[in-house]
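Enquirer: Below are the structure tokens for one structure; questions will follow.
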Amino acid sequence: MGLNSAQKLKKNRKKFRWKDKAYKTKTLNLYAKSDPLEGANQGKGIVLQKVQREAKQPNSAMRKCCKIQLTKNGKNIIAFIPGNLAQRFIDEHDEVMVQRIGGKQGRSKGDIPGVRFQVIKVNDQPLARLVSGKIEKGRR
């Protein structure tokens with residue numbers, strides 16, 4: 001380490017930064033490439049079928065979910081249906097809007113394995129207002 005070693009230290013720092021997984025993912029934009037929503041906050045899709053996911057230990061419940069095909073790229077995802085008896089307002093071939101649930105590092109949240117999205121709108125009507133009974137489900 002001489003007086004003029006800053007150049008080499010800088011070059012090495014630049015080189016070895018690529019070993020850091022977080023830096024590499026951010027720089028090469030890998031998250032958006034593998035993301036079904038392609039970096040967007042929300043996405044529209046068509047309901048293919050309603051399914052139930054078993055909660056992780058120590059809970060024992062059947063979480064209500066639905067399989068959705070996104071309209072923007074045709075990818076299939078599974079989305080959680082929040083709210084008590086909210087699955088009654090979602091039928092097959094309905095158009096729904098989904099958003100991320102918000103677990104750590106873009107992973108699933110809570111006790112639902114492999115589910116990263118949740119339904120927020122059904123046929124352009126907010127699911128929360130349908131569940132609370134403030135509005136009725138629209139015809140399409």
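Residues in the structure tokens are named by chain (A, B, ... in the order shown) and by number from 1 within that chain; ligands are numbered from 1 in the order shown.
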Check segment 7-77 of chain A with DSSP on the backbone and list each residue it calls helix (DSSP H, G or I), as a list in words.

Expert: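 Helix (DSSP H, G or I) assignments inside segment 7-77 of chain A correspond to Gln7, Lys8, Leu9, Lys10, Lys11, Asn12, Arg13, Lys14, Lys15, Phe16, Arg17, Trp18, Lys19, Lys21, Ala22, Tyr23, Lys24, Thr25, Lys26, Thr27, Leu30, Tyr31, Ala32, Lys33 and Ser34 of chain A.
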
Enquirer: Which neighbours of segment 125-131 of chain A fall inside 12 Å, counting only C-alpha atoms, when residues of the same chain fewer than 3 positions from it are skipped, and could you give them as a list in words?

Expert: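 Here the qualifying residues turn out to be Phe80, Ile81, Pro82, Gly83, Asn84, Leu85, Ala86, Gln87, Arg88, Phe89, Ile90, Asp94, Glu95, Val96, Met97, Val98, Gln118, Val119, Ile120, Lys121, Val122, Lys134, Ile135, Glu136, Lys137, Gly138, Arg139 and Arg140 of chain A.
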
Enquirer: Run DSSP on the backbone and tell me which residues of chain A come out as strand (DSSP E or B); list them as a ChimeraX atom specification.

Expert: /A:42-54,62-70,76-80,95-100,117-122,125-126

Enquirer: May I have the residues within 7 Å of His93 of chain A as a short mmCIF file (atom, residue, chain, number, x, y, z; two decimals) with N, CA and C atoms, in the first residue's frame, using only C-alpha atoms and disregarding those fewer than 5 positions away in the same chain?

Expert:
```
data_model
loop_
_atom_site.label_atom_id
_atom_site.label_comp_id
_atom_site.auth_asym_id
_atom_site.auth_seq_id
_atom_site.Cartn_x
_atom_site.Cartn_y
_atom_site.Cartn_z
N ILE A 46 -57.58 -12.02 -15.27
CA ILE A 46 -58.83 -12.76 -15.34
C ILE A 46 -58.74 -13.95 -14.39
N VAL A 47 -59.80 -14.16 -13.60
CA VAL A 47 -59.83 -15.27 -12.64
C VAL A 47 -60.02 -16.58 -13.40
N LEU A 48 -59.10 -17.53 -13.20
CA LEU A 48 -59.22 -18.84 -13.82
C LEU A 48 -59.99 -19.80 -12.94
#
```

Enquirer: Which polymer residues have any atom within 7 Å of an atom of Cys66 of chain A, counting only C-alpha atoms, with same-chain residues fewer than 5 positions away left out, as a ChimeraX atom specification?

Expert: /A:47,49-51,78-80

Enquirer: Since we have the selection now, will you write its residues out, keeping N, CA and C atoms, as a PDB file, in the first residue's frame?

Expert:
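This went into again.pdb:
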```pdb
ATOM      1  N   VAL A  47     -59.803 -14.161 -13.600  1.00  0.00           N
ATOM      2  CA  VAL A  47     -59.827 -15.270 -12.638  1.00  0.00           C
ATOM      3  C   VAL A  47     -60.024 -16.578 -13.400  1.00  0.00           C
ATOM      4  N   GLN A  49     -59.659 -19.816 -11.638  1.00  0.00           N
ATOM      5  CA  GLN A  49     -60.392 -20.659 -10.691  1.00  0.00           C
ATOM      6  C   GLN A  49     -60.107 -20.203  -9.275  1.00  0.00           C
ATOM      7  N   LYS A  50     -61.010 -20.588  -8.366  1.00  0.00           N
ATOM      8  CA  LYS A  50     -60.820 -20.289  -6.950  1.00  0.00           C
ATOM      9  C   LYS A  50     -60.184 -21.503  -6.285  1.00  0.00           C
ATOM     10  N   VAL A  51     -59.167 -21.250  -5.460  1.00  0.00           N
ATOM     11  CA  VAL A  51     -58.452 -22.339  -4.780  1.00  0.00           C
ATOM     12  C   VAL A  51     -58.326 -21.996  -3.300  1.00  0.00           C
ATOM     13  N   ILE A  78     -51.082 -16.635  -8.227  1.00  0.00           N
ATOM     14  CA  ILE A  78     -52.089 -16.931  -7.215  1.00  0.00           C
ATOM     15  C   ILE A  78     -52.196 -15.723  -6.300  1.00  0.00           C
ATOM     16  N   ALA A  79     -53.422 -15.253  -6.070  1.00  0.00           N
ATOM     17  CA  ALA A  79     -53.655 -14.061  -5.251  1.00  0.00           C
ATOM     18  C   ALA A  79     -54.588 -14.400  -4.102  1.00  0.00           C
ATOM     19  N   PHE A  80     -54.301 -13.805  -2.950  1.00  0.00           N
ATOM     20  CA  PHE A  80     -55.102 -13.987  -1.744  1.00  0.00           C
ATOM     21  C   PHE A  80     -56.358 -13.116  -1.829  1.00  0.00           C
TER      22      PHE A  80
END
```

Enquirer: Would you please work out which residue, of A:Lys109, A:Leu3, A:Asn12, A:Asp124, is nearest to Ala55 of chain A when using only C-alpha atoms?

Expert: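 Of A:Lys109, A:Leu3, A:Asn12, A:Asp124, the one nearest Ala55 of chain A is A:Lys109, counting only C-alpha atoms.
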
Enquirer: At what distance in Å, to one decimal, does atom CA of Thr71 of chain A lie from atom CA of Gly43 of chain A?

Expert: 8.0 Å
